[in-house]
Amino acid sequence: MVVRQYNEELKYLEKINPHCWRIKKGFQPNMNVEGVFYVNSTLEKLMLDELRNSCRPGMTGGFLPGVKQIANVAALPGIVGRSVGLPDVHSGYGFAIGNMAAFDISNPKSIVSPGGVGFDINCGVRLLRTNLHEKDILPVKEQLAQSLFDHIPVGVGSKGIIPMNARDLEEALEMGMDWSLREGYVWAEDKEHCEEYGRMLNADPSKVSLRAKKRGLPQLGTLGAGNHYAEIQVVDEIYDKFAAGKMGLERVGQVCVMIHSGSRGFGHQVATDALVQMEKAMKRDQIDVNDRQLACARINSTEGQDYLKAMAAAANFAWVNRSSMTFLTRQAFAKQFQMAPDDLDMHVIYDVSHNIAKIEEHVVDGKVKKLLVHRKGSTRAFPPHHPLIPVDYQLTGQPVLIGGSMGTCSYVLTGTHQGMTETFGSTCHGAGRALSRAKSRRNIDYKDVLNKLETMGISIRVASPKLVMEEAPESYKNVTDVVNTCHAAGISKKTIKLRPIAVIKG
Amino acid sequence: MDPEAGEILTQEDFFLPPVKYEYLDHTADVQLHAWGDSLQEAFEQCGMAMFGYMTELNYVEIKEVHTIEATADDMLGLLYHFLDELLFLFSAEPNIICRKLVITEFNTECFRIVCKCYGEEFQIGKHPQGSEVKAITYSAMQIIDEPKDNKFEVFVIIDI
């Protein structure tokens with residue numbers, strides 16, 4: 001790592017407009033392209049503070065500030081365009097969280113990096129709508145929250161309740177949501193409203209270790225812990241009536257359910273296994289990177305291909321996982337309201353992946369190129385008329401689901417043409433942490449958080465009490481700042497604001 | 001007692017070691033810092049620190065013992081794989097949460113660890129649910145091995 005004074009470091013950063021900064025070459029060694037990050041004035045301060053802290057003498061903590069990580073990614077072989085930091089960017093493992101980078105597949109030196117996807121492969125957000133109004137829910141809110149909590153297994157050590165054996169798992173890994181559909185857990189139209197239609201076709205379960213399968217089997221259909229949640233939300237504000245209408249959200253107060261979860265231990269193990277393999281591949285192919293944690297392999301190497309196939313299996317796992325919880329959510333609502341989920345109009349509005357690498361076509365320097373796009377803590381946001389988005393959203397652009405932190409609002413955005421050209425059709429993914437977990441536990445009082453949620457009219461069910469402090473809104477960047485930055489920068493467009501009324505967490 | 005583990009617990013197995021670990025700040029994750037009178041003890045403590053983040057260890061009884069093995073190409077790798085084996089013991093069948101770890105073989109030349117893991121199957125209701133550990137990372141991993149100063153410490157960031 002280059003060690004310079006903070007003032008020296010700042011010379012490599014240039015504010016090109018009120019919402020966008022440029023990271024010049026030389027900020028980190030061997031940068032192939034420039035970096036860029038999107039912030040407003042509040043987020044800018046957080047970003048630069050992180051850099052300033054890392055410049056203090058005697059800082060040997062070892063983890064790099066997000067802005068340095070964005071620059072290290074810009075030094076990876078085969079990267080095209082720019083290494084992009086989204087407004088919710090923060091320090092991560094190798095890649096920053098909230099970092100996207102695209103690699104030219106036709107360049108034999110181009111790489112794929114598990115660190116650019118993250119441990120929780122295909123972690124994502126799904127939004128279901130209902131035809132209920134807030135006033136229908138309020139009298140039974142506590143019962144409904146409890147019922148959801150009872151239906152969906154949450155927290156450390158919880159096990160899925162959807163019956164599964166090793167053979168079912170193999171099929172689910174290969175088929176993704178087609179498996180859920182065949183087994184009767186989802187509706188055919190749910191698939192339409194998922195990225196990749198809920199199935200990555202290049203998934204190959206034989207490239208996945210037995211270890212990953214053993215970790216994954218009991219956890220299918222579980223929410224997990226940490227920042228994962230299921231929330232009952234209501235429409236708080238509609239910014240774009242036309243787009244909201246296309247999503248079936250017509251009025252303020254309409255009830256939705258948001259599910260935020262990923263591929264659980266399965267994906268974590270796939271990532272862990274790949275990192276070990278890639279360390280070896282890097283030595284063999286003499287791939288030099290700025291940070292050991294940026295373990296990677298050439299896309300066309302055996303390790304690279306094996307990872308992509310295993311990653312696709314993990315992506316399928318995550319879709320089956322979210323689908324199983326969709327099923328459980330529909331059951332909980334159906335029981336509470338004594339109505340069929342159909343009659344409650346509980347359709348999937350959309351399902352996004354915010355930890356994934358995908359092969360996509362983009363225009364680079366006026367030419368169409370096939371790229372491997374890594375999005376880690378970043379959501380795909382394709383513009384209107386893009387061939388890969390469903391018919392229902394052709395005119396609005398792809399819905400982008402941005403989950404807030406516990407007790408704060410969530411947003412639905414749509415993709416824009418500007419985002420397509422500036423960030424390869426990518427935008428933010430959520431709030432992004434501001435305080436460390438340990439600091440949150442020290443500084444935030446358990447009772448205060450619960451009281452505050454209560455005064456805001458939010459019911460909560462949490463498996464782990466200490467999570468209440470760790471996940472308190474104060475621990476996160478303000479999601480509204482994040483979303484407003486994306487909107488102002490034009491990389492996606494605000495459509496709907498959702499407010500939580502009940503939260504279920506690990 | 002676990003018949004599969006094939007070992008009978010003795011009085012000594014119930015003796016609990018002192019706590020020699022702490023949790024340090026890290027933005028998104030948590031850093032384990034463990035120490036001891038030998039590097040071996042620091043490793044054991046580091047493993048217990050990880051289990052301590054998943055639940056409150058006071059609620060864990062020693063009912064069975066399992067043995068894990070880890071090998072690697074270097075010391076950092078050994079620490080990584082040791083913790084990864086422990087995580088696997090918890091995450092897949094038989095889902096053991098450990099109260100106490102005793103390393104019976106600590107080979108720093110061939111980089112091999114054999115460890116006895118004392119605990120029981122994780123049960124929701126009995127064991128408070130803490131944080132879920134996704135993975136072990138090499139991020140800022142440090143092993144301090146200075147026998148001269150009797151200084152043995154390890155630092156590991158776990159992804160949660």
# chains A, B, ... in the order shown; residues from 1 in each chain; ligands from 1
>>> residues_around(residues="B:Glu44", least_positions_apart="5", cutoff="8 Å", atoms="only C-alpha atoms", output="count of residues only")
3
>>> interface_residues(of="chain B", to="chain A", cutoff="8 Å", atoms="only C-alpha atoms", output="count of residues only")
29
>>> select_by_dssp(residues="stretch 2-80 of chain B", states="helix (DSSP H, G or I)", output="PyMOL selection string")
chain B and resi 11-14+39-54+57-59+75-80
>>> residues_around(residues="A:Lys447", least_positions_apart="5", cutoff="10 Å", atoms="only C-alpha atoms", output="compact mmCIF listing (two decimals) with C-alpha atoms, in the first residue's frame")
# COMPACT_ATOMS: atom_id res chain seq x y z
CA LYS A 452 -37.73 4.17 19.52
CA LEU A 453 -39.05 1.49 17.21
CA VAL A 468 -30.81 -4.99 18.03
CA MET A 469 -27.90 -2.65 18.82
>>> select_by_dssp(residues="chain B", states="strand (DSSP E or B)", output="PyMOL selection string")
chain B and resi 21-24+30-36+64-71+96-107+112-121+124+127+135-136+142-146+151-159
>>> residues_around(residues="A:Cys428", least_positions_apart="6", cutoff="8 Å", atoms="only C-alpha atoms", output="ChimeraX atom specification")
/A:86-88,98,377-379,402,482-483,486
>>> atom_distance(atom1="atom CA of A:Phe327", atom2="atom CA of A:Cys256")
14.6 Å
>>> residues_around(residues="B:Glu12", least_positions_apart="5", cutoff="12 Å", atoms="only C-alpha atoms", output="list in words")
Pro17, Ile62, Lys100, Val102 and Tyr118 of chain B
>>> residues_around(residues="B:Glu22", least_positions_apart="4", cutoff="8 Å", atoms="only C-alpha atoms", output="list in words")
Leu32, His33, Ala34 and Ala49 of chain B
>>> write_last_selection(atoms="C-alpha atoms", output="CSV table (one decimal), in the first residue's frame")
chain,number,residue,atom,x,y,z
B,32,LEU,CA,-11.1,-11.7,17.1
B,33,HIS,CA,-8.1,-11.0,19.3
B,34,ALA,CA,-6.9,-14.0,21.4
B,49,ALA,CA,-13.8,-16.5,20.8
>>> closest_residue(among="B:His127, B:Arg99, B:Arg112, B:Lys63", to="B:Met75", atoms="only C-alpha atoms")
B:Arg112
>>> residues_around(residues="A:Met175", least_positions_apart="6", cutoff="12 Å", atoms="only C-alpha atoms", output="ChimeraX atom specification")
/A:168-169,181-183,191,196-205,312-320
>>> closest_residue(among="B:Glu64, B:Asp84, B:Glu153, B:Asp145", to="B:Tyr21", atoms="only C-alpha atoms")
B:Glu153
>>> atom_distance(atom1="atom CA of A:Asn451", atom2="atom CA of A:Val234")
20.6 Å
>>> atom_distance(atom1="atom CA of A:Lys15", atom2="atom CA of A:Val36")
9.6 Å
